[in-house]
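**Student:** Have a look at this one.
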2 protein chains.
Amino acid sequence: MKTVLDSTRCLPVVVDTSKSRYSRLQPLPLNDVRLLDGFLEPRRRVNRESTLPSQYDHLEQTGRLDNFRRAAGKIDAPFSGVYFNDSDVYKWLEAAAWTLASDPDPELERMVNVAIREIEDAQRQDGYLNTYFTFEKASKRWTDLTHKHELYCAGHLIQAAVAHHRATGSERLLNVARRFADHICDTFGPEEDGKRLGTDGHEEIEMALVELFRDTGDRKDLDQAKFFVDVRGRGLLGGRTYHGIHGLSGGREYHQDHKPLREMREMVGHAVRAVYLNAGAADLYAETGDPTLLEALERLWHNMTTRRMYVSGGIGSRYEDEAFGEDYELPNARAYTETCAAIGSVMWNWRMLAIDGDARYADLLEHTLYNAALAGLSLDGQSYFYQNPLSDSGTHRRSTWFGVACCPPNIARLLASLPGYFYGVSDDGVWVHLYAEGAAEVRLDDGRTVGLRQRTQYPWDGDIEIEVDGESDFSLMLRIPAWCEEGTAIEINEEPFDASGPPGSYAEIRRAWRPGDKVRLSLPMPVSRVECHPYVTENAGRVALMRGPLLYCVEQVDNPGFDLRDIVLPAEANFSVRSRPDLLGGVAVLETLAEIAPPDEDWAERLYRRARPRADGPRETAENITAIPYYAWANRDPGPMRVWLRSR
Amino acid sequence: MKTVLDSTRCLPVVVDTSKSRYSRLQPLPLNDVRLLDGFLEPRRRVNRESTLPSQYDHLEQTGRLDNFRRAAGKIDAPFSGVYFNDSDVYKWLEAAAWTLASDPDPELERMVNVAIREIEDAQRQDGYLNTYFTFEKASKRWTDLTHKHELYCAGHLIQAAVAHHRATGSERLLNVARRFADHICDTFGPEEDGKRLGTDGHEEIEMALVELFRDTGDRKDLDQAKFFVDVRGRGLLGGRTYHGIHGLSGGREYHQDHKPLREMREMVGHAVRAVYLNAGAADLYAETGDPTLLEALERLWHNMTTRRMYVSGGIGSRYEDEAFGEDYELPNARAYTETCAAIGSVMWNWRMLAIDGDARYADLLEHTLYNAALAGLSLDGQSYFYQNPLSDSGTHRRSTWFGVACCPPNIARLLASLPGYFYGVSDDGVWVHLYAEGAAEVRLDDGRTVGLRQRTQYPWDGDIEIEVDGESDFSLMLRIPAWCEEGTAIEINEEPFDASGPPGSYAEIRRAWRPGDKVRLSLPMPVSRVECHPYVTENAGRVALMRGPLLYCVEQVDNPGFDLRDIVLPAEANFSVRSRPDLLGGVAVLETLAEIAPPDEDWAERLYRRARPRADGPRETAENITAIPYYAWANRDPGPMRVWLRSR
């Protein structure tokens, strides 16, 4: 099986690795995948019907669109907000574009066209486009790459333009983006070419330029992405300074500019920046096959996942600098775990998965999506978390918008593009990465189209039926999640099929498929108690609860009458799983009897005391406790929440 | 016994409560106390001989003194550094002044006089003095009280001036301070008096103005301090805004400006600011007796000590905002625990102690001084911690100076004034707050002078002999530290004396003292294992080691060959205390046999896993471990350090 995507057609492919020489997997256009499930698709519907229109209103009300009108000379007003506010418009446009690809909507299209018109009109003659650097600030262009996010904004413009092009066939926004990209390519580059060195303090341009190359075939955009990845972190090491600054965007770990990517061994600095860089570098590898890039990315992925990642998949341990911490530095209540960082991790993992089809990336993609990312958005689609702590006293609540509003349109574009993450196609077969009730059409290189119909209650239940509609000879690659430690059963047309392979791999079913063939995959979903590396001191003696791909937490509203900090899970605790269609949009809750062991009364008036022999005294009681999926927390009355529970 | 201080004489009294109507205790001039011990006095000698001269060099080299010369028109140069850099000069001057009081030094005096001359010359005609707000910025005076620290700098000028006056009798700097204080009193006040509302974003002016009042007797300075305490946090509550800003310096908890002090129930915001405000409010109470102030301060002290303080006495849990966290939010490695906050806590506790002689304040003063504050300075007196974590991977090291250099001269002024914190005098007696080999002269109101000679190896040993030299009838009040839970023995002239009273109180010995009377106080100093409130999740299942007033920690350099995180103290661990005069300026180390229980090998490649039954496997070994006093950490080769150790 070879390339399924026809380059003469304009298809809504989110990350188009269909012609990437060093990418094993090719994507499906997102409109060839339909979600019909009760878990993700309702979130996507809310995204279309509520989130996107309300975000457009915010873009108008906060002056973000007016900034473009101002730059075009249409209105006389001061610039509004922060210097990177253009990016919010672009990210919203990208979200809207992917939405239009699967769900046409004239009103949304109207908003999109308004925004595109304002953007077109604001672009400078030379292709430059940033509404902050206009008029009195025009002379300051590119003078503060470290802080001013011009290339970051350009990247989001390019991503939006590619999305709009692929979703609608229109080249209007793409032309704006190409002109700006040309300007960037003319400006930055090796000094021997008469260009200037430099790169942005906030990565994003890298993956955008690779995607633009994939869309237009213009090789110089790929070269430019390579330049931006390669120069990063070079200033300091080479002992040279640029405009008096070490490093090419400040030389700090914060900007991943302390050393070249290929020499990094640890995830450091601003978490969103770090995963955006890595996603861009993965894109670059998919096109160039430079093994030193892949080695660095695998090393960094290993560091992140074995030392610097929350059990939710969230990343970023520190409020200061919104940054990764040291190894095992994972505070729960003060977790930063920015929603954007989780989304960036999904983007990075998707690209790693495409490169070699290693199920570990799909595992983390699913885990991060279902837990860290979805928690960022309220169930009503109207409010957002910037930080996603794993423990809270009841004070951390979602906001309807932010002055720095990176997260809201980011989660919107993730939801809008979600169907694109479900399947992949390789020379060997059709890959099923994610499970949800729904259908897909896969165009094969023999000219045939095969339909795949998923029937399942996933993630609430691990039974999945996949019905094949079509005739062809290929391998169906079914992901066996890493969390599925209880043994997996596969049946084909009700006959057992022995697909050996451990959790965290793809089961391969190669056969000549005929219409009506049914594969049944059973992924047992017991409640599992997860423990944490002993060096994460806060979690010592505690467990987190998971079931299937979902992380759980306890909220006070379900557990009145005792302090959540006093819950102690007995070793023999038996959990019952109860379906609650009425609750939080429909969830399965976990229930068990637990001990409630409050601190002895002597502690009321002190923080420290001479150590006493341990004894949970007569104050201990037993109570039923209820846990809900973490993604759904903070959607009811404010109150404490905890993921990690004391455990015998 | 009544006032011992003669107002006609100029005495080096650090906080002069000698005439404060609502202060039970009066201080001794610091030159009436001599420290002759091997613990504190060597630090003070380093402070005199090394720290103060090197800090003066920093003040010159970083342009801090040149800023004054520039403001006086002596040099033509741009302003150097941060807008509050004047305060570093003032704090250094205060430290130098207290030093001159006890240890005259012509070279130091020369530096002091240079600095004073520059300050005098930089003062404006109208009394205003801040070298940042000169020339092109002169019109910006008092326009950004929230951020620009003008009143904060003024406060440090006043404190330095009072110190210099009391230490040397010179009124040169005092005159500068009085003129500036007059200007401030003319500027800020009730609007009905034709003045402007407002207060500083960084508290400090409050205690300075009270002290100026104590020095000069000018009542308006006291009233002005009261104004600044009273207006704080009023803007928001009254529903009014001032210059468009809620609150009078921003309305944020960060500045303790979210509500009036008297309504606060929790220590919040920037830790240094918070304790400086409370110290100033305590000064105000000592003069005015306003019970609502004292109630608020006692409530805040209770919140701090039972919910928001490290076992070191350090305060400030968050890097972001250098702030207090929520109750029980006390991360160890990311503890902020700014050296200045510990010093501010010492200042606040000293004032609370003076008010009512409650030993709990003396306990915390000693504890914070010996652990949190002293750790801020290297043993060689040349480098400083800004943050004082309770756990470190080996990367946190002291710096020789900072761009924001508040901590270095702050620790210098604390050490310089230290003898002033040892004793107090009340109507009932002479109070001994702190113990160290040394001598004091106490002037009594009957005209007699009594000498007190302390002989002790404290803090390494709890045996203290106090010999009285003089004849008079008074109570000797000996502090029985709260940590002394093993029972205290007192002998007078080798006869047992029954001074009942629990740990954390003063034992009163009333008698007609005769020359040569000797009191022996025995404070048993076993090694104690301290446990932490169970809601501080990081410390669950762990203990800290203390002996006497000293907190201990383990450093890698003393414990080669195993990971400090793997230490598990058995319940039956017996500690030996070993005197090591060769080590770290002379310390007692703690040694014991401990288990070393590394994580099982499966953890190497993962952060999370399905929980397994707990078992410390065959990898467990036993090793001798050595703990050193926390104040002395990070004075040798860099390496991990930990205060809290796992414990059976």
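By order in the structure tokens, chains are A, B, ...; within a chain, residues start at 1; ligands start at 1, following the order shown.
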Just the residues within 8 Å of Leu261 (chain A), please, counting only C-alpha atoms, with nothing from its chain fewer than 2 positions along; format it as a ChimeraX atom specification.
**Tutor:** /A:229-230,232-233,256,259,263-264,293,296
**Student:** Give me, as an mmCIF file with all heavy atoms, in the first residue's frame, the residues of chain B touching chain A, with the criterion being at most 8 Å (counting only C-alpha atoms).
**Tutor:**
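Dumped to out-v3.cif:
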```
data_model
loop_
_atom_site.group_PDB
_atom_site.id
_atom_site.type_symbol
_atom_site.label_atom_id
_atom_site.label_comp_id
_atom_site.auth_asym_id
_atom_site.auth_seq_id
_atom_site.Cartn_x
_atom_site.Cartn_y
_atom_site.Cartn_z
ATOM 1 N N THR B 305 2.725 30.326 62.077
ATOM 2 C CA THR B 305 3.474 29.279 62.776
ATOM 3 C C THR B 305 2.764 27.930 62.760
ATOM 4 O O THR B 305 3.421 26.903 62.918
ATOM 5 C CB THR B 305 3.763 29.691 64.231
ATOM 6 O OG1 THR B 305 2.521 30.021 64.863
ATOM 7 C CG2 THR B 305 4.691 30.889 64.275
ATOM 8 N N THR B 306 1.454 27.935 62.566
ATOM 9 C CA THR B 306 0.760 26.646 62.561
ATOM 10 C C THR B 306 0.388 26.181 61.160
ATOM 11 O O THR B 306 -0.146 25.091 60.994
ATOM 12 C CB THR B 306 -0.532 26.685 63.421
ATOM 13 O OG1 THR B 306 -1.463 27.594 62.809
ATOM 14 C CG2 THR B 306 -0.230 27.136 64.834
ATOM 15 N N ARG B 307 0.633 26.984 60.136
ATOM 16 C CA ARG B 307 0.209 26.596 58.786
ATOM 17 C C ARG B 307 1.216 26.920 57.686
ATOM 18 O O ARG B 307 1.188 26.309 56.641
ATOM 19 C CB ARG B 307 -1.097 27.329 58.409
ATOM 20 C CG ARG B 307 -2.284 27.088 59.312
ATOM 21 C CD ARG B 307 -2.862 25.711 59.115
ATOM 22 N NE ARG B 307 -4.097 25.500 59.836
ATOM 23 C CZ ARG B 307 -4.183 25.090 61.108
ATOM 24 N NH1 ARG B 307 -3.066 24.863 61.799
ATOM 25 N NH2 ARG B 307 -5.357 24.898 61.685
ATOM 26 N N MET B 309 4.891 27.873 57.745
ATOM 27 C CA MET B 309 6.290 28.128 58.100
ATOM 28 C C MET B 309 7.082 26.836 57.955
ATOM 29 O O MET B 309 6.604 25.762 58.317
ATOM 30 C CB MET B 309 6.350 28.636 59.536
ATOM 31 C CG MET B 309 7.706 29.112 59.995
ATOM 32 S SD MET B 309 7.652 29.642 61.735
ATOM 33 C CE MET B 309 7.659 28.029 62.552
ATOM 34 N N VAL B 311 10.196 24.153 58.761
ATOM 35 C CA VAL B 311 10.777 23.652 60.008
ATOM 36 C C VAL B 311 12.059 24.420 60.350
ATOM 37 O O VAL B 311 12.515 24.413 61.487
ATOM 38 C CB VAL B 311 11.011 22.124 59.909
ATOM 39 C CG1 VAL B 311 12.146 21.810 58.926
ATOM 40 C CG2 VAL B 311 11.264 21.505 61.278
ATOM 41 N N TYR B 319 8.227 30.546 44.701
ATOM 42 C CA TYR B 319 9.081 31.394 43.879
ATOM 43 C C TYR B 319 8.253 32.504 43.245
ATOM 44 O O TYR B 319 8.683 33.654 43.221
ATOM 45 C CB TYR B 319 9.766 30.552 42.793
ATOM 46 C CG TYR B 319 11.123 30.024 43.205
ATOM 47 C CD1 TYR B 319 11.231 29.089 44.223
ATOM 48 C CD2 TYR B 319 12.270 30.479 42.598
ATOM 49 C CE1 TYR B 319 12.468 28.608 44.608
ATOM 50 C CE2 TYR B 319 13.517 30.000 42.973
ATOM 51 C CZ TYR B 319 13.618 29.073 43.970
ATOM 52 O OH TYR B 319 14.859 28.612 44.353
ATOM 53 N N GLU B 320 7.068 32.158 42.720
ATOM 54 C CA GLU B 320 6.251 33.194 42.114
ATOM 55 C C GLU B 320 5.809 34.134 43.220
ATOM 56 O O GLU B 320 5.273 33.748 44.232
ATOM 57 C CB GLU B 320 5.049 32.627 41.349
ATOM 58 C CG GLU B 320 4.157 31.676 42.104
ATOM 59 C CD GLU B 320 4.692 30.243 42.150
ATOM 60 O OE1 GLU B 320 5.881 30.040 41.880
ATOM 61 O OE2 GLU B 320 3.895 29.349 42.470
ATOM 62 N N PRO B 331 6.676 23.272 49.981
ATOM 63 C CA PRO B 331 7.585 22.432 49.193
ATOM 64 C C PRO B 331 9.019 22.609 49.665
ATOM 65 O O PRO B 331 9.417 23.719 50.023
ATOM 66 C CB PRO B 331 7.413 22.969 47.769
ATOM 67 C CG PRO B 331 6.992 24.390 47.943
ATOM 68 C CD PRO B 331 6.148 24.409 49.200
ATOM 69 N N SER B 528 16.472 15.035 68.487
ATOM 70 C CA SER B 528 15.040 14.758 68.390
ATOM 71 C C SER B 528 14.631 14.605 66.930
ATOM 72 O O SER B 528 15.152 15.267 66.042
ATOM 73 C CB SER B 528 14.218 15.839 69.092
ATOM 74 O OG SER B 528 14.302 17.054 68.407
ATOM 75 N N ARG B 529 13.719 13.674 66.727
ATOM 76 C CA ARG B 529 13.123 13.473 65.409
ATOM 77 C C ARG B 529 11.840 14.275 65.389
ATOM 78 O O ARG B 529 10.954 14.081 66.211
ATOM 79 C CB ARG B 529 12.807 11.995 65.188
ATOM 80 C CG ARG B 529 14.023 11.099 65.291
ATOM 81 C CD ARG B 529 13.632 9.683 65.674
ATOM 82 N NE ARG B 529 12.886 9.039 64.620
ATOM 83 C CZ ARG B 529 13.331 7.996 63.922
ATOM 84 N NH1 ARG B 529 14.526 7.492 64.174
ATOM 85 N NH2 ARG B 529 12.607 7.460 62.978
ATOM 86 N N VAL B 530 11.744 15.162 64.442
ATOM 87 C CA VAL B 530 10.582 16.042 64.352
ATOM 88 C C VAL B 530 9.711 15.574 63.197
ATOM 89 O O VAL B 530 10.215 15.286 62.112
ATOM 90 C CB VAL B 530 11.034 17.495 64.123
ATOM 91 C CG1 VAL B 530 9.842 18.401 63.835
ATOM 92 C CG2 VAL B 530 11.825 17.984 65.327
ATOM 93 N N GLU B 531 8.429 15.463 63.446
ATOM 94 C CA GLU B 531 7.527 15.129 62.341
ATOM 95 C C GLU B 531 6.682 16.339 61.995
ATOM 96 O O GLU B 531 6.586 17.296 62.768
ATOM 97 C CB GLU B 531 6.653 13.914 62.675
ATOM 98 C CG GLU B 531 5.723 14.115 63.858
ATOM 99 C CD GLU B 531 4.906 12.867 64.188
ATOM 100 O OE1 GLU B 531 5.023 11.852 63.472
ATOM 101 O OE2 GLU B 531 4.147 12.921 65.169
ATOM 102 N N CYS B 532 6.099 16.292 60.832
ATOM 103 C CA CYS B 532 5.386 17.430 60.274
ATOM 104 C C CYS B 532 3.896 17.108 60.163
ATOM 105 O O CYS B 532 3.503 15.951 60.033
ATOM 106 C CB CYS B 532 5.972 17.721 58.882
ATOM 107 S SG CYS B 532 5.304 19.167 58.081
ATOM 108 N N HIS B 533 3.097 18.137 60.213
ATOM 109 C CA HIS B 533 1.653 17.963 60.051
ATOM 110 C C HIS B 533 1.360 17.099 58.818
ATOM 111 O O HIS B 533 1.928 17.336 57.756
ATOM 112 C CB HIS B 533 0.986 19.328 59.902
ATOM 113 C CG HIS B 533 -0.497 19.278 60.045
ATOM 114 N ND1 HIS B 533 -1.312 18.689 59.113
ATOM 115 C CD2 HIS B 533 -1.319 19.734 61.021
ATOM 116 C CE1 HIS B 533 -2.570 18.781 59.495
ATOM 117 N NE2 HIS B 533 -2.606 19.411 60.660
ATOM 118 N N PRO B 534 0.467 16.131 58.959
ATOM 119 C CA PRO B 534 0.236 15.207 57.838
ATOM 120 C C PRO B 534 -0.283 15.873 56.563
ATOM 121 O O PRO B 534 -0.184 15.289 55.486
ATOM 122 C CB PRO B 534 -0.814 14.225 58.384
ATOM 123 C CG PRO B 534 -1.079 14.587 59.777
ATOM 124 C CD PRO B 534 -0.248 15.753 60.176
ATOM 125 N N TYR B 535 -0.793 17.060 56.646
ATOM 126 C CA TYR B 535 -1.293 17.708 55.432
ATOM 127 C C TYR B 535 -0.168 18.311 54.579
ATOM 128 O O TYR B 535 -0.410 18.749 53.456
ATOM 129 C CB TYR B 535 -2.330 18.785 55.767
ATOM 130 C CG TYR B 535 -3.666 18.240 56.210
ATOM 131 C CD1 TYR B 535 -4.649 19.082 56.719
ATOM 132 C CD2 TYR B 535 -3.961 16.877 56.114
ATOM 133 C CE1 TYR B 535 -5.888 18.584 57.127
ATOM 134 C CE2 TYR B 535 -5.187 16.375 56.528
ATOM 135 C CZ TYR B 535 -6.152 17.236 57.034
ATOM 136 O OH TYR B 535 -7.369 16.750 57.431
ATOM 137 N N THR B 537 2.093 17.267 52.420
ATOM 138 C CA THR B 537 2.215 15.953 51.789
ATOM 139 C C THR B 537 3.656 15.517 51.566
ATOM 140 O O THR B 537 3.974 14.341 51.688
ATOM 141 C CB THR B 537 1.472 15.934 50.439
ATOM 142 O OG1 THR B 537 1.797 17.110 49.718
ATOM 143 C CG2 THR B 537 -0.020 15.897 50.655
ATOM 144 N N GLU B 538 4.534 16.457 51.253
ATOM 145 C CA GLU B 538 5.914 16.077 50.960
ATOM 146 C C GLU B 538 6.626 15.463 52.148
ATOM 147 O O GLU B 538 7.600 14.737 51.974
ATOM 148 C CB GLU B 538 6.708 17.330 50.554
ATOM 149 C CG GLU B 538 6.907 17.463 49.098
ATOM 150 C CD GLU B 538 7.988 18.485 48.799
ATOM 151 O OE1 GLU B 538 9.166 18.215 49.061
ATOM 152 O OE2 GLU B 538 7.633 19.569 48.317
ATOM 153 N N ASN B 539 6.187 15.820 53.332
ATOM 154 C CA ASN B 539 6.911 15.375 54.519
ATOM 155 C C ASN B 539 6.279 14.163 55.192
ATOM 156 O O ASN B 539 6.735 13.725 56.246
ATOM 157 C CB ASN B 539 7.025 16.524 55.530
ATOM 158 C CG ASN B 539 7.808 17.686 54.964
ATOM 159 O OD1 ASN B 539 8.560 17.515 54.002
ATOM 160 N ND2 ASN B 539 7.635 18.864 55.545
ATOM 161 N N ALA B 540 5.238 13.632 54.577
ATOM 162 C CA ALA B 540 4.571 12.467 55.162
ATOM 163 C C ALA B 540 5.548 11.306 55.240
ATOM 164 O O ALA B 540 6.268 11.019 54.277
ATOM 165 C CB ALA B 540 3.355 12.092 54.321
ATOM 166 N N VAL B 543 11.006 12.494 58.795
ATOM 167 C CA VAL B 543 11.347 13.260 59.990
ATOM 168 C C VAL B 543 12.502 14.205 59.674
ATOM 169 O O VAL B 543 13.298 13.972 58.767
ATOM 170 C CB VAL B 543 11.757 12.358 61.185
ATOM 171 C CG1 VAL B 543 10.595 11.490 61.639
ATOM 172 C CG2 VAL B 543 12.981 11.521 60.843
ATOM 173 N N ARG B 565 18.200 10.349 48.972
ATOM 174 C CA ARG B 565 16.761 10.079 48.947
ATOM 175 C C ARG B 565 16.437 8.674 49.418
ATOM 176 O O ARG B 565 15.289 8.362 49.711
ATOM 177 C CB ARG B 565 16.236 10.294 47.524
ATOM 178 C CG ARG B 565 16.334 11.740 47.085
ATOM 179 C CD ARG B 565 15.962 11.909 45.634
ATOM 180 N NE ARG B 565 16.970 11.350 44.741
ATOM 181 C CZ ARG B 565 17.070 11.628 43.452
ATOM 182 N NH1 ARG B 565 16.207 12.458 42.890
ATOM 183 N NH2 ARG B 565 18.003 11.101 42.695
ATOM 184 N N PRO B 599 14.998 2.703 45.181
ATOM 185 C CA PRO B 599 13.832 2.222 44.443
ATOM 186 C C PRO B 599 14.189 0.928 43.723
ATOM 187 O O PRO B 599 15.334 0.756 43.293
ATOM 188 C CB PRO B 599 13.569 3.328 43.414
ATOM 189 C CG PRO B 599 14.299 4.520 43.916
ATOM 190 C CD PRO B 599 15.453 4.013 44.707
ATOM 191 N N TRP B 603 11.876 0.850 38.474
ATOM 192 C CA TRP B 603 11.548 2.275 38.421
ATOM 193 C C TRP B 603 12.453 3.072 37.480
ATOM 194 O O TRP B 603 12.150 4.206 37.130
ATOM 195 C CB TRP B 603 11.655 2.901 39.826
ATOM 196 C CG TRP B 603 10.441 2.672 40.685
ATOM 197 C CD1 TRP B 603 10.400 2.013 41.887
ATOM 198 C CD2 TRP B 603 9.105 3.127 40.439
ATOM 199 N NE1 TRP B 603 9.130 2.025 42.383
ATOM 200 C CE2 TRP B 603 8.309 2.710 41.522
ATOM 201 C CE3 TRP B 603 8.494 3.848 39.404
ATOM 202 C CZ2 TRP B 603 6.940 2.975 41.610
ATOM 203 C CZ3 TRP B 603 7.139 4.122 39.484
ATOM 204 C CH2 TRP B 603 6.374 3.689 40.570
ATOM 205 N N ALA B 604 13.583 2.492 37.098
ATOM 206 C CA ALA B 604 14.553 3.268 36.327
ATOM 207 C C ALA B 604 13.936 3.861 35.066
ATOM 208 O O ALA B 604 14.260 4.973 34.655
ATOM 209 C CB ALA B 604 15.748 2.382 35.963
ATOM 210 N N GLU B 605 13.030 3.124 34.449
ATOM 211 C CA GLU B 605 12.507 3.543 33.153
ATOM 212 C C GLU B 605 11.060 4.012 33.221
ATOM 213 O O GLU B 605 10.363 3.998 32.215
ATOM 214 C CB GLU B 605 12.624 2.370 32.162
ATOM 215 C CG GLU B 605 14.056 1.989 31.855
ATOM 216 C CD GLU B 605 14.815 3.120 31.173
ATOM 217 O OE1 GLU B 605 14.296 3.683 30.197
ATOM 218 O OE2 GLU B 605 15.918 3.466 31.653
ATOM 219 N N ARG B 606 10.602 4.356 34.410
ATOM 220 C CA ARG B 606 9.202 4.783 34.475
ATOM 221 C C ARG B 606 8.976 5.742 35.636
ATOM 222 O O ARG B 606 9.734 5.774 36.598
ATOM 223 C CB ARG B 606 8.275 3.585 34.601
ATOM 224 C CG ARG B 606 8.485 2.763 35.873
ATOM 225 C CD ARG B 606 7.632 1.512 35.871
ATOM 226 N NE ARG B 606 8.111 0.503 34.949
ATOM 227 C CZ ARG B 606 7.459 0.095 33.860
ATOM 228 N NH1 ARG B 606 6.279 0.569 33.598
ATOM 229 N NH2 ARG B 606 7.981 -0.824 33.063
ATOM 230 N N LEU B 607 7.915 6.508 35.523
ATOM 231 C CA LEU B 607 7.495 7.405 36.596
ATOM 232 C C LEU B 607 6.285 6.852 37.331
ATOM 233 O O LEU B 607 6.067 7.167 38.498
ATOM 234 C CB LEU B 607 7.090 8.766 36.005
ATOM 235 C CG LEU B 607 8.035 9.934 36.149
ATOM 236 C CD1 LEU B 607 7.467 11.135 35.412
ATOM 237 C CD2 LEU B 607 8.311 10.278 37.594
ATOM 238 N N TYR B 608 5.494 6.064 36.615
ATOM 239 C CA TYR B 608 4.235 5.543 37.169
ATOM 240 C C TYR B 608 4.107 4.077 36.809
ATOM 241 O O TYR B 608 4.596 3.636 35.778
ATOM 242 C CB TYR B 608 3.026 6.322 36.590
ATOM 243 C CG TYR B 608 3.176 7.804 36.774
ATOM 244 C CD1 TYR B 608 3.587 8.620 35.710
ATOM 245 C CD2 TYR B 608 2.979 8.388 38.015
ATOM 246 C CE1 TYR B 608 3.764 9.979 35.886
ATOM 247 C CE2 TYR B 608 3.163 9.745 38.207
ATOM 248 C CZ TYR B 608 3.558 10.540 37.136
ATOM 249 O OH TYR B 608 3.747 11.877 37.330
ATOM 250 N N ARG B 609 3.444 3.316 37.672
ATOM 251 C CA ARG B 609 3.175 1.923 37.347
ATOM 252 C C ARG B 609 1.999 1.451 38.178
ATOM 253 O O ARG B 609 1.632 2.092 39.173
ATOM 254 C CB ARG B 609 4.405 1.055 37.626
ATOM 255 C CG ARG B 609 4.704 0.896 39.100
ATOM 256 C CD ARG B 609 5.954 0.035 39.332
ATOM 257 N NE ARG B 609 6.177 -0.145 40.758
ATOM 258 C CZ ARG B 609 7.317 -0.584 41.281
ATOM 259 N NH1 ARG B 609 8.340 -0.877 40.495
ATOM 260 N NH2 ARG B 609 7.439 -0.742 42.585
ATOM 261 N N ARG B 610 1.424 0.352 37.765
ATOM 262 C CA ARG B 610 0.395 -0.283 38.559
ATOM 263 C C ARG B 610 0.981 -0.555 39.948
ATOM 264 O O ARG B 610 2.098 -1.071 40.070
ATOM 265 C CB ARG B 610 0.006 -1.602 37.858
ATOM 266 C CG ARG B 610 -1.294 -2.224 38.296
ATOM 267 C CD ARG B 610 -2.509 -1.482 37.776
ATOM 268 N NE ARG B 610 -2.737 -1.558 36.336
ATOM 269 C CZ ARG B 610 -3.416 -2.523 35.730
ATOM 270 N NH1 ARG B 610 -3.920 -3.543 36.424
ATOM 271 N NH2 ARG B 610 -3.612 -2.487 34.420
ATOM 272 N N ALA B 611 0.231 -0.191 40.984
ATOM 273 C CA ALA B 611 0.763 -0.307 42.346
ATOM 274 C C ALA B 611 1.037 -1.766 42.697
ATOM 275 O O ALA B 611 0.264 -2.654 42.332
ATOM 276 C CB ALA B 611 -0.223 0.294 43.342
ATOM 277 N N ARG B 612 2.136 -1.965 43.375
ATOM 278 C CA ARG B 612 2.498 -3.305 43.831
ATOM 279 C C ARG B 612 2.508 -3.318 45.348
ATOM 280 O O ARG B 612 2.657 -2.281 45.977
ATOM 281 C CB ARG B 612 3.897 -3.677 43.334
ATOM 282 C CG ARG B 612 4.008 -3.611 41.836
ATOM 283 C CD ARG B 612 5.428 -3.887 41.401
ATOM 284 N NE ARG B 612 5.529 -3.689 39.944
ATOM 285 C CZ ARG B 612 6.663 -3.823 39.253
ATOM 286 N NH1 ARG B 612 7.773 -4.162 39.868
ATOM 287 N NH2 ARG B 612 6.669 -3.623 37.950
#
```
**Student:** So, counting only C-alpha atoms, which residue among B:Asp103, B:Pro408, B:Ala281, B:Ala95 is closest to His58 (chain B)?
**Tutor:**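 Checking each of B:Asp103, B:Pro408, B:Ala281, B:Ala95 against His58 (chain B), counting only C-alpha atoms, the winner is B:Pro408.
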**Student:** Among region 196-323 of chain B, which residues does DSSP mark as strand (DSSP E) when it is run on the backbone? Keep the chain and numbering as in the structure and answer as a ChimeraX atom specification.
**Tutor:** /B:241-242,245-246
**Student:** Show me, as a ChimeraX atom specification, the residues that have an atom within 10 Å of Val527 (chain B) when counting only C-alpha atoms, minus same-chain residues fewer than 6 positions from it.
**Tutor:** /B:545-548,550-552,574-577,590
**Student:** Would you mind writing down, as JSON, numbers by chain, each residue of region 275-438 of chain B that DSSP on the backbone assigns to alpha helix (DSSP H)?
**Tutor:** {"B": [275, 276, 277, 278, 279, 280, 281, 282, 283, 284, 285, 286, 287, 288, 291, 292, 293, 294, 295, 296, 297, 298, 299, 300, 301, 302, 303, 304, 305, 306, 307, 339, 340, 341, 342, 343, 344, 345, 346, 347, 348, 349, 350, 351, 352, 353, 354, 355, 356, 359, 360, 361, 362, 363, 364, 365, 366, 367, 407, 408, 409, 410, 411, 412, 413, 414, 415, 416, 417]}
**Student:** Could you tell me which of A:Glu572, A:Asp463, A:Asp469, A:Glu491 comes closest to Ala439 (chain A) if we count only C-alpha atoms?
**Tutor:**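 Using only C-alpha atoms, Ala439 (chain A) sits closest to A:Asp469.
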